[in-house]
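Okay, my_file.pdb now, which holds PDB, C-alpha atoms:
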```pdb
ATOM      1  CA  MET I   8      29.630 -26.814  -8.836
ATOM      2  CA  GLU I   9      27.633 -24.792  -6.296
ATOM      3  CA  VAL I  10      26.541 -26.553  -3.106
ATOM      4  CA  ASP I  11      22.897 -25.680  -3.826
ATOM      5  CA  ASP I  12      23.177 -27.589  -7.129
ATOM      6  CA  VAL I  13      24.096 -30.862  -5.364
ATOM      7  CA  LYS I  14      20.878 -32.838  -4.947
ATOM      8  CA  VAL I  15      22.092 -36.465  -4.963
ATOM      9  CA  CYS I  16      24.849 -38.270  -3.059
ATOM     10  CA  PRO I  17      27.491 -39.436  -5.593
ATOM     11  CA  GLU I  18      28.237 -42.508  -3.456
ATOM     12  CA  CYS I  19      24.822 -44.063  -2.751
ATOM     13  CA  GLY I  20      22.431 -41.945  -4.806
ATOM     14  CA  SER I  21      20.477 -40.775  -1.751
ATOM     15  CA  HIS I  22      18.592 -37.484  -1.879
ATOM     16  CA  HIS I  23      18.760 -37.073   1.903
ATOM     17  CA  LEU I  24      21.574 -34.511   2.227
ATOM     18  CA  VAL I  25      22.345 -32.505   5.378
ATOM     19  CA  LYS I  26      24.091 -29.122   5.587
ATOM     20  CA  ASP I  27      26.143 -28.684   8.775
ATOM     21  CA  TYR I  28      27.017 -24.995   8.929
ATOM     22  CA  GLU I  29      29.023 -25.370  12.182
ATOM     23  CA  ARG I  30      31.542 -27.627  10.436
ATOM     24  CA  GLY I  31      30.957 -26.253   6.947
ATOM     25  CA  GLU I  32      30.102 -29.709   5.597
ATOM     26  CA  LEU I  33      27.512 -31.165   3.254
ATOM     27  CA  THR I  34      26.997 -34.823   4.187
ATOM     28  CA  CYS I  35      24.814 -37.715   3.113
ATOM     29  CA  TYR I  36      22.468 -38.783   5.914
ATOM     30  CA  ASP I  37      22.265 -42.396   4.678
ATOM     31  CA  CYS I  38      25.908 -43.385   3.998
ATOM     32  CA  GLY I  39      27.728 -40.615   5.904
ATOM     33  CA  MET I  40      29.861 -39.445   2.979
ATOM     34  CA  VAL I  41      31.158 -35.870   3.254
ATOM     35  CA  ILE I  42      30.309 -34.402  -0.156
ATOM     36  CA  GLU I  43      31.621 -30.883   0.523
ATOM     37  CA  ASP I  44      33.763 -29.675   3.437
ATOM     38  CA  SER I  45      33.901 -25.916   2.863
ATOM     39  CA  ILE I  46      30.368 -24.650   2.465
ATOM     40  CA  ILE I  47      29.687 -21.035   3.458
ATOM     41  CA  ASP I  48      26.951 -19.989   5.864
ATOM     42  CA  GLN I  49      25.223 -17.065   4.158
ATOM     43  CA  GLY I  50      23.311 -16.097   7.304
ATOM     44  CA  PRO I  51      24.344 -13.602  10.013
ATOM     45  CA  GLU I  52      27.054 -14.456  12.511
ATOM     46  CA  TRP I  53      24.925 -13.340  15.469
ATOM     47  CA  ARG I  54      21.827 -14.603  17.251
ATOM     48  CA  SER I  55      18.726 -12.516  17.883
ATOM     49  CA  PHE I  56      15.721 -13.322  20.021
ATOM     50  CA  ASP I  57      13.255 -10.691  18.785
ATOM     51  CA  SER I  58      12.718  -8.362  15.819
ATOM     52  CA  ASP I  59      14.268  -5.346  17.604
ATOM     53  CA  GLN I  60      17.547  -7.186  18.212
ATOM     54  CA  ASP I  61      17.595  -8.452  14.648
ATOM     55  CA  GLU I  62      17.094  -4.923  13.295
ATOM     56  CA  LYS I  63      19.776  -3.387  15.529
ATOM     57  CA  ARG I  64      22.348  -6.035  14.576
ATOM     58  CA  SER I  65      21.713  -5.818  10.856
ATOM     59  CA  ARG I  66      24.734  -4.866   8.770
ATOM     60  CA  THR I  67      22.792  -3.351   5.889
ATOM     61  CA  GLY I  68      20.956  -0.035   5.617
ATOM     62  CA  SER I  69      17.248   0.543   5.206
ATOM     63  CA  PRO I  70      15.434  -1.533   2.546
ATOM     64  CA  SER I  71      14.877  -0.041  -0.887
ATOM     65  CA  SER I  72      11.565   1.725  -1.381
ATOM     66  CA  PHE I  73       9.626   2.762  -4.473
ATOM     67  CA  MET I  74       8.404   5.775  -2.481
ATOM     68  CA  SER I  75      11.753   7.504  -2.972
ATOM     69  CA  HIS I  76      12.853   8.581  -6.443
ATOM     70  CA  ASP I  77      16.282   6.959  -5.880
ATOM     71  CA  LYS I  78      14.750   3.945  -4.043
ATOM     72  CA  VAL I  79      16.664   4.987  -0.868
ATOM     73  CA  LEU I  80      19.874   3.684  -2.408
ATOM     74  CA  ALA I  81      21.685   7.037  -2.193
ATOM     75  CA  THR I  82      23.336   8.472   0.903
ATOM     76  CA  GLU I  83      21.562  11.079   3.000
ATOM     77  CA  ILE I  84      22.907  13.834   5.225
ATOM     78  CA  SER I  85      20.848  14.449   8.356
ATOM     79  CA  TRP I  86      19.514  17.966   8.998
ATOM     80  CA  SER I  87      20.303  17.731  12.705
ATOM     81  CA  ASN I  88      23.410  19.665  13.748
ATOM     82  CA  LYS I  89      25.063  16.621  15.313
ATOM     83  CA  ASP I  90      27.861  14.390  14.104
ATOM     84  CA  TYR I  91      27.960  10.584  13.934
ATOM     85  CA  TYR I  92      28.755  10.302  17.677
ATOM     86  CA  GLY I  93      25.874  12.583  18.695
ATOM     87  CA  LYS I  94      28.097  15.584  19.489
ATOM     88  CA  ARG I  95      26.894  19.020  18.441
ATOM     89  CA  ILE I  96      28.649  20.542  15.429
ATOM     90  CA  PRO I  97      30.486  23.789  16.343
ATOM     91  CA  HIS I  98      28.888  27.030  15.058
ATOM     92  CA  LYS I  99      31.967  27.870  12.974
ATOM     93  CA  ASN I 100      31.456  24.665  10.920
ATOM     94  CA  ARG I 101      27.677  24.859  10.457
ATOM     95  CA  ALA I 102      27.797  27.110   7.374
ATOM     96  CA  GLN I 103      30.056  24.605   5.654
ATOM     97  CA  ILE I 104      27.793  21.684   6.597
ATOM     98  CA  TYR I 105      24.774  23.639   5.308
ATOM     99  CA  ARG I 106      26.450  24.107   1.909
ATOM    100  CA  VAL I 107      27.313  20.395   1.767
ATOM    101  CA  ARG I 108      23.692  19.475   2.498
ATOM    102  CA  LYS I 109      22.383  21.887  -0.147
ATOM    103  CA  TRP I 110      24.651  20.541  -2.891
ATOM    104  CA  HIS I 111      23.962  16.982  -1.798
ATOM    105  CA  GLN I 112      20.220  17.557  -2.296
ATOM    106  CA  ARG I 113      20.844  19.080  -5.728
ATOM    107  CA  ILE I 114      23.012  16.158  -6.809
ATOM    108  CA  ARG I 115      20.405  13.595  -5.725
ATOM    109  CA  VAL I 116      17.897  15.151  -8.159
ATOM    110  CA  SER I 117      20.078  15.648 -11.205
ATOM    111  CA  ASN I 118      17.581  16.285 -14.035
ATOM    112  CA  ALA I 119      13.997  17.263 -14.805
ATOM    113  CA  ALA I 120      12.749  13.662 -14.993
ATOM    114  CA  GLU I 121      14.075  12.853 -11.514
ATOM    115  CA  ARG I 122      12.715  16.142 -10.183
ATOM    116  CA  ASN I 123       9.218  15.351 -11.519
ATOM    117  CA  LEU I 124       9.381  11.805 -10.126
ATOM    118  CA  SER I 125      10.488  13.104  -6.735
ATOM    119  CA  MET I 126       7.647  15.622  -6.672
ATOM    120  CA  ALA I 127       5.070  13.028  -7.765
ATOM    121  CA  LEU I 128       6.131  10.536  -5.081
ATOM    122  CA  GLN I 129       5.988  13.260  -2.449
ATOM    123  CA  ILE I 130       2.407  14.084  -3.523
ATOM    124  CA  LEU I 131       1.569  10.361  -3.488
ATOM    125  CA  ASN I 132       2.892   9.982   0.062
ATOM    126  CA  GLU I 133       0.951  13.031   1.301
ATOM    127  CA  ASP I 134      -2.335  11.980  -0.330
ATOM    128  CA  GLY I 135      -1.902   8.394   0.887
ATOM    129  CA  THR I 136      -1.339   9.603   4.437
ATOM    130  CA  LYS I 137      -4.479  11.767   4.296
ATOM    131  CA  LEU I 138      -6.474   8.763   3.075
ATOM    132  CA  GLY I 139      -5.051   6.616   5.878
ATOM    133  CA  ILE I 140      -3.791   3.865   3.569
ATOM    134  CA  PRO I 141      -0.923   1.657   4.804
ATOM    135  CA  LYS I 142       2.651   1.791   3.539
ATOM    136  CA  ASP I 143       2.437  -1.346   1.384
ATOM    137  CA  ILE I 144      -0.429   0.126  -0.658
ATOM    138  CA  LYS I 145       1.533   3.353  -1.129
ATOM    139  CA  GLU I 146       4.470   1.252  -2.347
ATOM    140  CA  THR I 147       2.168  -0.469  -4.862
ATOM    141  CA  ALA I 148       0.852   2.897  -6.044
ATOM    142  CA  ALA I 149       4.422   4.185  -6.437
ATOM    143  CA  LEU I 150       5.312   1.134  -8.532
ATOM    144  CA  ILE I 151       2.283   1.728 -10.785
ATOM    145  CA  TYR I 152       3.311   5.374 -11.219
ATOM    146  CA  ARG I 153       6.887   4.365 -12.096
ATOM    147  CA  LYS I 154       5.577   1.955 -14.742
ATOM    148  CA  ALA I 155       3.445   4.775 -16.174
ATOM    149  CA  VAL I 156       6.551   6.973 -16.397
ATOM    150  CA  GLU I 157       8.533   4.201 -18.112
ATOM    151  CA  ARG I 158       5.742   3.723 -20.679
ATOM    152  CA  ASN I 159       5.522   7.502 -21.233
ATOM    153  CA  LEU I 160       1.862   7.573 -20.127
ATOM    154  CA  ILE I 161       2.264  10.848 -18.237
ATOM    155  CA  ARG I 162       2.588  12.999 -21.356
ATOM    156  CA  GLY I 163      -0.403  15.283 -21.816
ATOM    157  CA  ARG I 164      -1.771  14.603 -18.326
ATOM    158  CA  SER I 165      -1.188  16.282 -14.997
ATOM    159  CA  ILE I 166       1.114  14.603 -12.494
ATOM    160  CA  GLU I 167      -1.573  14.920  -9.797
ATOM    161  CA  SER I 168      -4.210  13.043 -11.823
ATOM    162  CA  ILE I 169      -1.849  10.126 -12.573
ATOM    163  CA  VAL I 170      -0.785   9.999  -8.909
ATOM    164  CA  CYS I 171      -4.434   9.835  -7.803
ATOM    165  CA  ALA I 172      -5.201   7.193 -10.432
ATOM    166  CA  SER I 173      -2.243   5.118  -9.183
ATOM    167  CA  ILE I 174      -3.533   5.308  -5.602
ATOM    168  CA  TYR I 175      -7.043   4.348  -6.727
ATOM    169  CA  ALA I 176      -5.692   1.384  -8.716
ATOM    170  CA  ALA I 177      -3.468   0.192  -5.852
ATOM    171  CA  CYS I 178      -6.390   0.266  -3.407
ATOM    172  CA  ARG I 179      -8.553  -1.686  -5.852
ATOM    173  CA  MET I 180      -5.815  -4.279  -6.389
ATOM    174  CA  VAL I 181      -5.623  -5.170  -2.680
ATOM    175  CA  ASN I 182      -9.407  -5.023  -2.264
ATOM    176  CA  ILE I 183      -9.334  -2.038   0.096
ATOM    177  CA  PRO I 184     -10.925   0.457  -2.293
ATOM    178  CA  ARG I 185     -11.255   4.177  -1.753
ATOM    179  CA  THR I 186     -13.923   6.052  -3.684
ATOM    180  CA  LEU I 187     -13.050   8.606  -6.329
ATOM    181  CA  ASP I 188     -14.770  11.229  -4.159
ATOM    182  CA  GLU I 189     -12.463  10.480  -1.226
ATOM    183  CA  ILE I 190      -9.341  10.733  -3.364
ATOM    184  CA  SER I 191     -10.653  13.876  -5.061
ATOM    185  CA  LYS I 192     -11.263  15.601  -1.714
ATOM    186  CA  VAL I 193      -7.753  15.021  -0.355
ATOM    187  CA  SER I 194      -5.981  15.819  -3.624
ATOM    188  CA  TYR I 195      -8.217  18.632  -4.942
ATOM    189  CA  VAL I 196      -8.228  16.938  -8.361
ATOM    190  CA  ASN I 197     -11.519  16.619 -10.262
ATOM    191  CA  LYS I 198     -12.836  13.061  -9.896
ATOM    192  CA  LYS I 199     -13.637  12.856 -13.626
ATOM    193  CA  LYS I 200      -9.958  13.495 -14.396
ATOM    194  CA  ILE I 201      -8.942  10.802 -11.896
ATOM    195  CA  GLY I 202     -11.390   8.325 -13.424
ATOM    196  CA  LYS I 203     -10.167   9.080 -16.942
ATOM    197  CA  ALA I 204      -6.507   8.707 -15.885
ATOM    198  CA  TYR I 205      -7.319   5.437 -14.088
ATOM    199  CA  ARG I 206      -8.979   3.936 -17.173
ATOM    200  CA  HIS I 207      -5.961   4.989 -19.236
ATOM    201  CA  LEU I 208      -3.519   3.305 -16.809
ATOM    202  CA  ALA I 209      -5.631   0.168 -16.477
ATOM    203  CA  LYS I 210      -5.726  -0.235 -20.262
ATOM    204  CA  GLU I 211      -2.108   0.615 -21.108
ATOM    205  CA  LEU I 212      -0.529  -1.235 -18.166
ATOM    206  CA  ALA I 213      -2.983  -4.158 -18.430
ATOM    207  CA  LEU I 214      -3.784  -3.946 -14.728
ATOM    208  CA  ASN I 215      -5.725  -7.046 -13.742
ATOM    209  CA  ILE I 216      -8.240  -5.381 -11.429
ATOM    210  CA  LYS I 217     -11.543  -7.033 -10.643
ATOM    211  CA  PRO I 218     -14.674  -4.862 -10.374
ATOM    212  CA  ALA I 219     -15.297  -3.504  -6.889
ATOM    213  CA  THR I 220     -18.062  -5.176  -4.903
ATOM    214  CA  PRO I 221     -20.362  -3.625  -2.263
ATOM    215  CA  TYR I 222     -18.720  -5.874   0.363
ATOM    216  CA  SER I 223     -15.447  -3.957  -0.051
ATOM    217  CA  TYR I 224     -16.978  -0.736   1.246
ATOM    218  CA  VAL I 225     -19.107  -1.974   4.169
ATOM    219  CA  SER I 226     -16.460  -1.979   6.930
ATOM    220  CA  GLN I 227     -15.044   1.370   5.843
ATOM    221  CA  PHE I 228     -18.444   3.122   5.756
ATOM    222  CA  CYS I 229     -19.607   1.539   9.030
ATOM    223  CA  ASN I 230     -16.424   2.655  10.814
ATOM    224  CA  LYS I 231     -16.970   6.222   9.664
ATOM    225  CA  LEU I 232     -20.583   6.056  10.870
ATOM    226  CA  ASP I 233     -19.484   4.554  14.220
ATOM    227  CA  LEU I 234     -21.538   1.380  13.714
ATOM    228  CA  ASP I 235     -20.658  -1.932  15.359
ATOM    229  CA  LYS I 236     -19.828  -5.361  13.957
ATOM    230  CA  LYS I 237     -23.464  -6.555  14.138
ATOM    231  CA  VAL I 238     -24.459  -3.866  11.642
ATOM    232  CA  ILE I 239     -21.533  -4.852   9.383
ATOM    233  CA  ILE I 240     -22.632  -8.519   9.396
ATOM    234  CA  ASP I 241     -26.280  -7.633   8.708
ATOM    235  CA  SER I 242     -25.242  -5.251   5.922
ATOM    236  CA  GLU I 243     -23.221  -8.010   4.232
ATOM    237  CA  ASN I 244     -26.169 -10.405   4.512
ATOM    238  CA  ILE I 245     -28.455  -7.814   2.894
ATOM    239  CA  ILE I 246     -25.945  -7.326   0.074
ATOM    240  CA  ARG I 247     -25.771 -11.101  -0.431
ATOM    241  CA  LEU I 248     -29.567 -11.368  -0.700
ATOM    242  CA  ALA I 249     -29.684  -8.395  -3.073
ATOM    243  CA  SER I 250     -26.996 -10.007  -5.218
ATOM    244  CA  GLU I 251     -28.781 -13.382  -5.312
ATOM    245  CA  SER I 252     -32.050 -11.726  -6.351
ATOM    246  CA  GLY I 253     -30.309  -9.712  -9.100
ATOM    247  CA  ILE I 254     -31.218  -6.307  -7.654
ATOM    248  CA  SER I 255     -27.606  -5.159  -7.401
ATOM    249  CA  MET I 256     -26.767  -6.131 -10.974
ATOM    250  CA  GLY I 257     -25.654  -3.085 -12.949
ATOM    251  CA  LYS I 258     -25.832  -0.836  -9.890
ATOM    252  CA  GLY I 259     -22.916   1.085  -8.398
ATOM    253  CA  PRO I 260     -21.309  -0.865  -5.520
ATOM    254  CA  THR I 261     -21.104   2.176  -3.232
ATOM    255  CA  GLY I 262     -24.827   2.883  -3.625
ATOM    256  CA  VAL I 263     -25.775  -0.726  -2.818
ATOM    257  CA  ALA I 264     -23.427  -0.783   0.181
ATOM    258  CA  ALA I 265     -24.801   2.540   1.472
ATOM    259  CA  ALA I 266     -28.422   1.367   1.212
ATOM    260  CA  ALA I 267     -27.622  -1.964   2.909
ATOM    261  CA  ILE I 268     -25.919  -0.141   5.794
ATOM    262  CA  TYR I 269     -28.858   2.269   6.080
ATOM    263  CA  ILE I 270     -31.307  -0.662   6.398
ATOM    264  CA  ALA I 271     -29.082  -2.691   8.758
ATOM    265  CA  ALA I 272     -28.583   0.306  11.047
ATOM    266  CA  ILE I 273     -32.354   0.809  11.325
ATOM    267  CA  LYS I 274     -32.929  -2.903  12.052
ATOM    268  CA  ASN I 275     -30.378  -2.777  14.892
ATOM    269  CA  GLY I 276     -31.833   0.370  16.448
ATOM    270  CA  LYS I 277     -28.811   2.506  15.451
ATOM    271  CA  SER I 278     -30.347   4.411  12.580
ATOM    272  CA  ARG I 279     -28.361   7.014  10.677
ATOM    273  CA  THR I 280     -29.850   9.645   8.398
ATOM    274  CA  GLN I 281     -29.589   9.273   4.642
ATOM    275  CA  LYS I 282     -27.593  12.496   4.656
ATOM    276  CA  ASP I 283     -24.984  10.979   7.009
ATOM    277  CA  VAL I 284     -24.717   7.785   4.952
ATOM    278  CA  ALA I 285     -24.452   9.816   1.727
ATOM    279  CA  ARG I 286     -21.667  11.930   3.228
ATOM    280  CA  VAL I 287     -19.396   8.973   4.045
ATOM    281  CA  SER I 288     -20.218   6.910   0.929
ATOM    282  CA  GLY I 289     -19.854   9.673  -1.643
ATOM    283  CA  VAL I 290     -23.216   8.946  -3.316
ATOM    284  CA  THR I 291     -26.293  11.158  -3.384
ATOM    285  CA  GLU I 292     -29.272  10.789  -1.064
ATOM    286  CA  VAL I 293     -31.440  10.119  -4.135
ATOM    287  CA  THR I 294     -29.298   7.081  -5.018
ATOM    288  CA  ILE I 295     -29.562   5.755  -1.459
ATOM    289  CA  ARG I 296     -33.358   6.199  -1.485
ATOM    290  CA  ASN I 297     -33.680   4.375  -4.818
ATOM    291  CA  ARG I 298     -31.516   1.440  -3.693
ATOM    292  CA  TYR I 299     -33.299   1.436  -0.313
ATOM    293  CA  LYS I 300     -36.731   1.124  -1.950
ATOM    294  CA  GLU I 301     -35.576  -1.709  -4.222
ATOM    295  CA  ILE I 302     -33.908  -3.717  -1.448
ATOM    296  CA  SER I 303     -36.696  -3.066   1.078
ATOM    297  CA  ARG I 304     -39.286  -4.305  -1.413
ATOM    298  CA  MET I 305     -37.259  -7.471  -1.948
ATOM    299  CA  LEU I 306     -36.761  -8.048   1.815
ATOM    300  CA  GLY I 307     -40.271  -7.025   2.767
ATOM    301  CA  PHE I 308     -38.689  -4.510   5.139
ATOM    302  CA  ASP I 309     -40.851  -1.695   6.503
ATOM    303  CA  GLN I 310     -39.113   1.113   8.386
ATOM    304  CA  ASN I 311     -42.287   1.816  10.369
ATOM    305  CA  GLU I 312     -42.495  -1.731  11.761
TER     306      GLU I 312
END
```
File written out as structure tokens:
Amino acid sequence: MEVDDVKVCPECGSHHLVKDYERGELTCYDCGMVIEDSIIDQGPEWRSFDSDQDEKRSRTGSPSSFMSHDKVLATEISWSNKDYYGKRIPHKNRAQIYRVRKWHQRIRVSNAAERNLSMALQILNEDGTKLGIPKDIKETAALIYRKAVERNLIRGRSIESIVCASIYAACRMVNIPRTLDEISKVSYVNKKKIGKAYRHLAKELALNIKPATPYSYVSQFCNKLDLDKKVIIDSENIIRLASESGISMGKGPTGVAAAAIYIAAIKNGKSRTQKDVARVSGVTEVTIRNRYKEISRMLGFDQNE
């Protein structure tokens, strides 16, 4: 029986068991019986006092990652002309090392499916970096793309559109959404194609993604417009009032967020033009004006006050 399976002392029936890894013993705290005298400490044999020490003393390699087609489980030959000890490789041996590297790269990507996956994940990493999304969201997007490949959802669609749809879905899942316009600009893929691919993935993979709310976009848009926290708070209050009154019902969340920011910026003496707000939010100036009129009427807000 495994040590982890022992929950009760066979002598007194106590559940208060203590593992002493220094002596390798499992003892009962109440009666003192030694239940097991050869337990194994699964932890490291060293001590570390900060994360840097812990990382340097680790025996294993880098953690697996969905961002690499082989999940970083394969070996890799560095492109620097230095050996393991940091010494430079002699010129007479560099041609041989170059050939080894070349064949190593070819072996890592052995067929067309792996080659397509490798290319798709490279595109995903580049687009994610341009959008400024963190590594964990890129990992989530890579996992969504891998599931799409497993379910054969890529057939008949471009790799780029599915990659963009995966990024869009991942951002929505963690409530840090990016607009279709933003993703379209960095990837040069038509936003209608991205939207269509996203709906296809969401349906086939049963992605449990809640509808985006205007609150999700406020901080992002305000940062791009160089507006402070006071404007962010006022914008969120305006959105809350608009939601309670039913004005925002059935309206696009980006348009409502853009109009709320436009009004809050004016109220705080840091007005931005509708053109500037439209540029960062990805909606038209007409949409901002329409939402602005509706919310202003509800709030009794007059820009000329």
Residues of range 211-233 of chain I that have any atom at most 12 Å from an atom of range 254-258 of chain I: could you tabulate them with the shortest-distance atom pair and the distance in Å to one decimal, using only C-alpha atoms, ordered by chain and increasing number, as a tab-separated table?
```
residue	atom	partner	partner_atom	distance
I:Pro218	CA	I:Gly257	CA	11.4
I:Ala219	CA	I:Lys258	CA	11.3
I:Thr220	CA	I:Ser255	CA	9.9
I:Pro221	CA	I:Ser255	CA	9.0
I:Tyr222	CA	I:Ser255	CA	11.8
```
Taking the file as I've supplied it (selection: the PyMOL selection byres ((chain I and resi 301-304) around 9)), which residues are included? Please answer as a ChimeraX atom specification. /I:245-246,248-249,254-255,263,266-267,270,296-300,305-310
So how many Å separate CA of Thr186 in chain I and CA of Thr261 in chain I, to one decimal? 8.2 Å
What is the CA of Val193 in chain I to CA of Glu167 in chain I distance in Å? 11.3 Å
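For the choices I:Val13, I:Ile239, I:Ile273, I:Val225, the atom-to-atom distance to Val287 in chain I is smallest for I:Val225 when using only C-alpha atoms.
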Reconstructed range 257-271 of chain I, atom set N, CA and C atoms, as an mmCIF file, in the frame of the given file:
```cif
data_model
loop_
_atom_site.group_PDB
_atom_site.id
_atom_site.type_symbol
_atom_site.label_atom_id
_atom_site.label_comp_id
_atom_site.auth_asym_id
_atom_site.auth_seq_id
_atom_site.Cartn_x
_atom_site.Cartn_y
_atom_site.Cartn_z
ATOM 1 N N GLY I 257 -25.694 -4.328 -12.182
ATOM 2 C CA GLY I 257 -25.654 -3.085 -12.949
ATOM 3 C C GLY I 257 -25.718 -1.834 -12.106
ATOM 4 N N LYS I 258 -25.766 -1.991 -10.793
ATOM 5 C CA LYS I 258 -25.832 -0.836 -9.890
ATOM 6 C C LYS I 258 -24.438 -0.551 -9.333
ATOM 7 N N GLY I 259 -24.197 0.710 -8.980
ATOM 8 C CA GLY I 259 -22.916 1.085 -8.398
ATOM 9 C C GLY I 259 -22.716 0.423 -7.047
ATOM 10 N N PRO I 260 -21.529 -0.145 -6.778
ATOM 11 C CA PRO I 260 -21.309 -0.865 -5.520
ATOM 12 C C PRO I 260 -21.419 0.018 -4.287
ATOM 13 N N THR I 261 -21.017 1.291 -4.395
ATOM 14 C CA THR I 261 -21.104 2.176 -3.232
ATOM 15 C C THR I 261 -22.548 2.476 -2.870
ATOM 16 N N GLY I 262 -23.412 2.624 -3.886
ATOM 17 C CA GLY I 262 -24.827 2.883 -3.625
ATOM 18 C C GLY I 262 -25.506 1.705 -2.955
ATOM 19 N N VAL I 263 -25.195 0.487 -3.417
ATOM 20 C CA VAL I 263 -25.775 -0.726 -2.818
ATOM 21 C C VAL I 263 -25.285 -0.896 -1.385
ATOM 22 N N ALA I 264 -23.986 -0.665 -1.172
ATOM 23 C CA ALA I 264 -23.427 -0.783 0.181
ATOM 24 C C ALA I 264 -24.055 0.242 1.118
ATOM 25 N N ALA I 265 -24.223 1.473 0.647
ATOM 26 C CA ALA I 265 -24.801 2.540 1.472
ATOM 27 C C ALA I 265 -26.234 2.212 1.870
ATOM 28 N N ALA I 266 -27.034 1.715 0.914
ATOM 29 C CA ALA I 266 -28.422 1.367 1.212
ATOM 30 C C ALA I 266 -28.505 0.198 2.184
ATOM 31 N N ALA I 267 -27.633 -0.804 2.006
ATOM 32 C CA ALA I 267 -27.622 -1.964 2.909
ATOM 33 C C ALA I 267 -27.274 -1.533 4.327
ATOM 34 N N ILE I 268 -26.303 -0.645 4.468
ATOM 35 C CA ILE I 268 -25.919 -0.141 5.794
ATOM 36 C C ILE I 268 -27.061 0.655 6.414
ATOM 37 N N TYR I 269 -27.730 1.457 5.600
ATOM 38 C CA TYR I 269 -28.858 2.269 6.080
ATOM 39 C C TYR I 269 -29.954 1.371 6.650
ATOM 40 N N ILE I 270 -30.266 0.267 5.947
ATOM 41 C CA ILE I 270 -31.307 -0.662 6.398
ATOM 42 C C ILE I 270 -30.847 -1.424 7.638
ATOM 43 N N ALA I 271 -29.597 -1.915 7.622
ATOM 44 C CA ALA I 271 -29.082 -2.691 8.758
ATOM 45 C C ALA I 271 -29.014 -1.843 10.022
#
```
